[in-house]
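S.K.: One structure coming up, written as structure tokens, with questions to follow.
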Amino acid sequence: MLESLGSALKKGFDKIAGAIFIDKKTIEIIVKDLQRALIQADVNVHLVKELSDRIKKEAEDEKIKGIEKKEHLTKILHDEILNLLGKEKHELKIEKGKNNKIMLLGLYGQGKTTTTSKLAAYYSKRGFKVAMLGLDVHRPAAAHQLEQLGAQVKIPVFIDKTEKKALNIYKKYKKDLDKFDLIIIDTAGRHDLDKELVDEIKQLEKEINPDYVILTISADIGQAAKNQALKFQEACNINGVIITRMDSTAKAGGALTACNETKAPVFFIGTGEKANDFETFNPEAFISRLLGLGDLDGLLEKVQSAIDEKSQTKTKERLESGEFNLRDFQEQIKQMGNIGSFSKLVEMIPGLGKTKIPDNLLNTQEEKVKKWQHAIDSMTKEEINNPEIIEKQTTRLGRIAKGSGTTTSDIRQLIKQYRILKDLASGSGDLENFDPSQGLNQKQMQKIAKKFGKKMKF
Ligand SMILES: Nc1nc2c(ncn2[C@@H]2O[C@H](COP(=O)(O)OP(=O)(O)O)[C@@H](O)[C@H]2O)c(=O)[nH]1
Ligand SMILES: [Mg+2]
């Protein structure tokens, strides 16, 4: 259910946690990813635009800096998504011993009958004495369907397969129904909300006087749920909606956000064909689950523990001033222990998604990293500041290799990785035509080295 939205959100939060600092470019990338995911989930473009503008405006507040900025952005993102789904959890107030009635409405095939039995099972499990009443007199098979579902969940069903007037069925069973705590009423749908349907619903509402009239909407219709909910709100007194088939569409985000727009509370969601595939809808918990982790506090903690802020600020300054040398690179390598991997390090460079970089370039094993550490320890200050002289003079290469128990090719590789990182960080990386099986070709290396050289005044 909404996997792609979930993973886009996760990525967004990870980017915030991992970024060395939050600048305009980082915010833009995060917002863009989020926009793409929301639109894919069929969330209305205007809503997406408004949300993006708010995030950008809030996030670019210059007064908030450093780690606070990350916390701030994490919170904004979280709250905006929550806002989109609706902040509150809405619950039906059903009391035992009170003969409560819930009537379900909806167009054809939206899930009324299935949901009738799901609701009945939900409350039956919680100790209510529940019955189902089948008032769909238009579809010949409707009564039979409810009968079967009732047998599955072991809940009494009141139907009349020959009666053509819905109200008569209710009247016929009224006395029996009065003995239950809760009656769930299935009604007939139509292709559209026409006058005939509205009249029928109104008459039933008047005579039965249900505690809740709930619209069932299938998530498949995405943001079109807005119009459907509005139409039913206008024509009949619905108290809220149940969204079905959350499991079988990518458009569920559209349906959820559209209902929130119309202020129609979403009481439950249907997540499969079986009676148990049914749950209350709690926006906060729903987001936590989408993200695959706890609540906002959990997210904030992640931001705080991700990296040593001081060291990141230093790295950023060194990168920006062009002074980033092999020693800084070594510092970063050391930090990898806390962060996890080389790819994570590259991810921390603002504006640089992992996607842009070929995997095997980043596939640096711990062992190699250890060798590099030793190699850097065997270098002179001059060599650390000007790695180019090592490449030029093979005697230096040999000496460092011998002193650190590495090979000259290890050292060449180290310098190459360092350059790539530095070059990428300076925004002039050119890896578009990179062929992972070949490594960097001469031309690409030259190009990077040239840019690198210009910037770095070797
Ligand atoms: N995957 C899935 N299918 C559902 C869900 N709810 C209902 N359905 C299916 O949707 C179809 C129409 O449901 P039904 O209850 O007959 O709709 P009605 O015409 O409004 O009464 C049936 O095949 C149901 O099994 C759900 O939450 N998930
Ligand atoms: Mg039905």
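Residues in the structure tokens are numbered from 1 in each chain, the chains being A, B, ... in the order shown, and ligands are numbered from 1 in the order shown.
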Could I get the residues of segment 64-117 of chain A with an atom no further than 12 Å from an atom of segment 170-190 of chain A, each paired with its nearest atom pair and that distance in Å to one decimal, using only C-alpha atoms, sorted by chain and residue number, as a tab-separated table?
M.R.:
residue	atom	partner	partner_atom	distance
A:Leu92	CA	A:Leu182	CA	11.9
A:Lys93	CA	A:Leu182	CA	11.3
A:Ile94	CA	A:Leu182	CA	7.8
A:Glu95	CA	A:Asp181	CA	7.5
A:Lys96	CA	A:Asp181	CA	5.5
A:Gly97	CA	A:Asp181	CA	5.1
A:Lys98	CA	A:Asp181	CA	5.6
A:Asn99	CA	A:Asp181	CA	4.3
A:Asn100	CA	A:Leu182	CA	4.6
A:Lys101	CA	A:Ile183	CA	4.8
A:Ile102	CA	A:Ile184	CA	5.0
A:Met103	CA	A:Ile185	CA	4.6
A:Leu104	CA	A:Asp186	CA	5.6
A:Leu105	CA	A:Thr187	CA	6.1
A:Gly106	CA	A:Gly189	CA	5.6
A:Leu107	CA	A:Gly189	CA	4.4
A:Tyr108	CA	A:Gly189	CA	4.7
A:Gly109	CA	A:Gly189	CA	7.8
A:Gln110	CA	A:Gly189	CA	8.6
A:Gly111	CA	A:Gly189	CA	9.9
A:Lys112	CA	A:Asp186	CA	6.3
A:Thr113	CA	A:Asp186	CA	5.8
A:Thr114	CA	A:Asp186	CA	9.1
A:Thr115	CA	A:Asp186	CA	8.7
A:Thr116	CA	A:Ile184	CA	6.0
A:Ser117	CA	A:Ile184	CA	8.0
S.K.: Would you mind listing what lies within 10 Å of Asn260 of chain A as a PyMOL selection string, with only C-alpha atoms counted and same-chain residues fewer than 5 positions away left out?
M.R.: chain A and resi 83-87+226+254-255+265-266
S.K.: Go ahead and compute the interatomic distance for atom CA of Phe268 of chain A and atom CA of Glu88 of chain A, in Å to one decimal.
M.R.: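 Interatomic distance here is 12.8 Å.
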S.K.: Can you tell me which residues surround Phe267 of chain A at a distance of at most 10 Å, considering only C-alpha atoms, apart from same-chain residues fewer than 5 positions away, and format the answer as a list in words?
M.R.: Lys89, His90, Glu91, Leu92, Ile214, Asn239, Gly240, Val241, Ile242, Ile243, Glu279, Thr280, Phe281 and Asn282 of chain A
S.K.: Find the spatial neighbours of Ala37 of chain A, counting only C-alpha atoms, within a cut-off of 7 Å - ignore same-chain residues fewer than 2 positions away - and output them as a PyMOL selection string.
M.R.: chain A and resi 4-5+8+33-35+39-41
S.K.: So that I can check the secondary structure, give me every residue of segment 96-214 of chain A assigned alpha helix (DSSP H) by backbone DSSP, as a ChimeraX atom specification.
M.R.: /A:112-125,142-153,166-177,195-208
S.K.: Keeping C-alpha atoms for every residue in the selection just given, could you write it to a file as a PDB file, in the first residue's frame?
M.R.:
ATOM      1  CA  LYS A 112     -20.289  -1.595   0.355  1.00  0.00           C
ATOM      2  CA  THR A 113     -21.222  -5.229   0.791  1.00  0.00           C
ATOM      3  CA  THR A 114     -17.703  -6.398   1.581  1.00  0.00           C
ATOM      4  CA  THR A 115     -17.272  -3.536   4.039  1.00  0.00           C
ATOM      5  CA  THR A 116     -20.601  -4.324   5.696  1.00  0.00           C
ATOM      6  CA  SER A 117     -19.245  -7.717   6.677  1.00  0.00           C
ATOM      7  CA  LYS A 118     -15.828  -6.313   7.620  1.00  0.00           C
ATOM      8  CA  LEU A 119     -17.390  -3.754   9.944  1.00  0.00           C
ATOM      9  CA  ALA A 120     -19.650  -6.398  11.426  1.00  0.00           C
ATOM     10  CA  ALA A 121     -16.685  -8.669  12.086  1.00  0.00           C
ATOM     11  CA  TYR A 122     -14.646  -5.784  13.516  1.00  0.00           C
ATOM     12  CA  TYR A 123     -17.260  -4.952  16.151  1.00  0.00           C
ATOM     13  CA  SER A 124     -18.271  -8.533  16.785  1.00  0.00           C
ATOM     14  CA  LYS A 125     -14.678  -9.272  17.736  1.00  0.00           C
ATOM     15  CA  ALA A 142     -26.587  -8.856  -3.566  1.00  0.00           C
ATOM     16  CA  ALA A 143     -28.579 -10.689  -0.886  1.00  0.00           C
ATOM     17  CA  HIS A 144     -26.804 -13.913  -1.682  1.00  0.00           C
ATOM     18  CA  GLN A 145     -23.384 -12.229  -1.457  1.00  0.00           C
ATOM     19  CA  LEU A 146     -24.166 -10.811   1.975  1.00  0.00           C
ATOM     20  CA  GLU A 147     -25.516 -14.155   3.098  1.00  0.00           C
ATOM     21  CA  GLN A 148     -22.260 -15.846   2.171  1.00  0.00           C
ATOM     22  CA  LEU A 149     -20.128 -13.177   3.809  1.00  0.00           C
ATOM     23  CA  GLY A 150     -22.259 -13.464   6.939  1.00  0.00           C
ATOM     24  CA  ALA A 151     -21.649 -17.190   7.056  1.00  0.00           C
ATOM     25  CA  GLN A 152     -17.914 -16.630   6.751  1.00  0.00           C
ATOM     26  CA  VAL A 153     -17.723 -14.201   9.658  1.00  0.00           C
ATOM     27  CA  ALA A 166     -35.756  -1.736   0.695  1.00  0.00           C
ATOM     28  CA  LEU A 167     -37.802  -0.080   3.400  1.00  0.00           C
ATOM     29  CA  ASN A 168     -40.145  -3.056   3.591  1.00  0.00           C
ATOM     30  CA  ILE A 169     -37.260  -5.346   4.439  1.00  0.00           C
ATOM     31  CA  TYR A 170     -36.268  -3.072   7.288  1.00  0.00           C
ATOM     32  CA  LYS A 171     -39.829  -2.935   8.602  1.00  0.00           C
ATOM     33  CA  LYS A 172     -40.170  -6.686   8.338  1.00  0.00           C
ATOM     34  CA  TYR A 173     -37.148  -7.332  10.566  1.00  0.00           C
ATOM     35  CA  LYS A 174     -37.254  -4.262  12.807  1.00  0.00           C
ATOM     36  CA  LYS A 175     -38.324  -6.169  15.924  1.00  0.00           C
ATOM     37  CA  ASP A 176     -35.559  -8.760  15.517  1.00  0.00           C
ATOM     38  CA  LEU A 177     -32.974  -6.102  14.818  1.00  0.00           C
ATOM     39  CA  LYS A 195     -32.211  11.194  -8.204  1.00  0.00           C
ATOM     40  CA  GLU A 196     -33.605   7.712  -7.761  1.00  0.00           C
ATOM     41  CA  LEU A 197     -30.707   6.724  -5.505  1.00  0.00           C
ATOM     42  CA  VAL A 198     -30.850   9.954  -3.509  1.00  0.00           C
ATOM     43  CA  ASP A 199     -34.565   9.560  -2.921  1.00  0.00           C
ATOM     44  CA  GLU A 200     -34.118   5.993  -1.785  1.00  0.00           C
ATOM     45  CA  ILE A 201     -31.286   6.918   0.583  1.00  0.00           C
ATOM     46  CA  LYS A 202     -33.214   9.827   2.045  1.00  0.00           C
ATOM     47  CA  GLN A 203     -36.240   7.710   2.708  1.00  0.00           C
ATOM     48  CA  LEU A 204     -34.132   5.018   4.387  1.00  0.00           C
ATOM     49  CA  GLU A 205     -32.330   7.624   6.480  1.00  0.00           C
ATOM     50  CA  LYS A 206     -35.613   9.093   7.617  1.00  0.00           C
ATOM     51  CA  GLU A 207     -37.194   5.812   8.593  1.00  0.00           C
ATOM     52  CA  ILE A 208     -34.173   3.996   9.980  1.00  0.00           C
TER      53      ILE A 208
END
S.K.: Using only C-alpha atoms and all ligand atoms, which residue out of A:Leu73, A:Ala219, A:Ile389, A:Leu135 lies closest to ligand 2?
M.R.: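 When distances to ligand 2 are compared using only C-alpha atoms and all ligand atoms, the smallest one comes from A:Leu135.
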S.K.: Excluding same-chain residues fewer than 2 positions from Arg412 of chain A, what lies within 12 Å of it counting only C-alpha atoms, as a count of residues only?
M.R.: 28
S.K.: Identify which of the residues A:Ala141, A:Val213, A:Ile22, A:Cys259 lies closest to ligand 1, counting only C-alpha atoms and all ligand atoms when measuring atom-to-atom distances.
M.R.: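 Of all the options, A:Ala141 lies closest to ligand 1.
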S.K.: Could you pull out the strand (DSSP E or B) residues of segment 93-332 of chain A, going by DSSP on the backbone, and write them as a ChimeraX atom specification?
M.R.: /A:100-105,130-135,157-158,182-187,212-218,240-244,266-270,278-280
S.K.: Using C-alpha atoms, can you write the selected residues to a file as a CSV table (one decimal), in the first residue's frame?
M.R.:
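again20.csv written:
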chain,number,residue,atom,x,y,z
A,100,ASN,CA,-26.5,1.5,17.1
A,101,LYS,CA,-27.0,1.6,13.3
A,102,ILE,CA,-24.4,2.2,10.6
A,103,MET,CA,-25.7,2.6,7.1
A,104,LEU,CA,-23.3,2.2,4.2
A,105,LEU,CA,-23.7,4.1,0.9
A,130,VAL,CA,-23.9,-7.4,15.6
A,131,ALA,CA,-26.3,-8.1,12.8
A,132,MET,CA,-26.2,-7.2,9.1
A,133,LEU,CA,-29.2,-6.0,7.1
A,134,GLY,CA,-29.2,-6.3,3.3
A,135,LEU,CA,-31.2,-3.6,1.6
A,157,VAL,CA,-27.7,-11.6,8.2
A,158,PHE,CA,-31.3,-10.3,7.6
A,182,LEU,CA,-25.2,-2.8,16.3
A,183,ILE,CA,-26.8,-3.2,12.9
A,184,ILE,CA,-24.7,-2.7,9.8
A,185,ILE,CA,-26.8,-1.9,6.8
A,186,ASP,CA,-25.8,-2.6,3.2
A,187,THR,CA,-27.7,-0.5,0.6
A,212,TYR,CA,-23.8,6.9,11.1
A,213,VAL,CA,-24.2,7.2,7.3
A,214,ILE,CA,-20.9,6.2,5.8
A,215,LEU,CA,-19.8,6.5,2.2
A,216,THR,CA,-17.6,3.7,0.8
A,217,ILE,CA,-15.1,4.8,-1.8
A,218,SER,CA,-12.7,2.6,-3.6
A,240,GLY,CA,-17.6,10.2,6.8
A,241,VAL,CA,-16.0,7.6,4.5
A,242,ILE,CA,-14.4,4.2,4.5
A,243,ILE,CA,-11.8,3.8,1.7
A,244,THR,CA,-11.6,0.3,0.3
A,266,VAL,CA,-11.9,8.6,7.0
A,267,PHE,CA,-13.0,6.1,9.7
A,268,PHE,CA,-11.6,2.9,8.3
A,269,ILE,CA,-9.6,1.6,5.4
A,270,GLY,CA,-10.0,-1.7,3.6
A,278,PHE,CA,-9.6,-3.8,7.6
A,279,GLU,CA,-8.3,-1.2,10.0
A,280,THR,CA,-9.0,2.1,11.6
S.K.: Go through A:Glu284, A:Asp53, A:Ala17, A:Val137 and flag the residue nearest ligand 2, using only C-alpha atoms and all ligand atoms for the distances.
M.R.: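 Of A:Glu284, A:Asp53, A:Ala17, A:Val137, the one nearest ligand 2, counting only C-alpha atoms and all ligand atoms, is A:Val137.
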S.K.: My list of candidates is A:Asp160, A:Asp220, A:Asp14, A:Asp23. Which is closest to ligand 1 when distances are computed with only C-alpha atoms and all ligand atoms?
M.R.: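 Among the listed residues, the smallest separation from ligand 1 belongs to A:Asp220.
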S.K.: Find the distance between atom 18 (P, counted along the ligand's line) of ligand 1 and atom CA of Asp211 of chain A and write it in Å to one decimal.
M.R.: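 It comes out at 21.0 Å.
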S.K.: So, counting only C-alpha atoms and all ligand atoms, which residue among A:Asn44, A:Gln373, A:Asn276, A:Gln330 is closest to ligand 1?
M.R.: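 Of A:Asn44, A:Gln373, A:Asn276, A:Gln330, the one nearest ligand 1 is A:Asn276, counting only C-alpha atoms and all ligand atoms.
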S.K.: Tell me which protein, DNA and RNA residues are within 9 Å of Ile55 of chain A, counting only C-alpha atoms, leaving out same-chain ones fewer than 5 positions away, and put them as JSON, numbers by chain.
M.R.: {"A": [27, 31, 50, 60, 73, 76, 77, 80]}
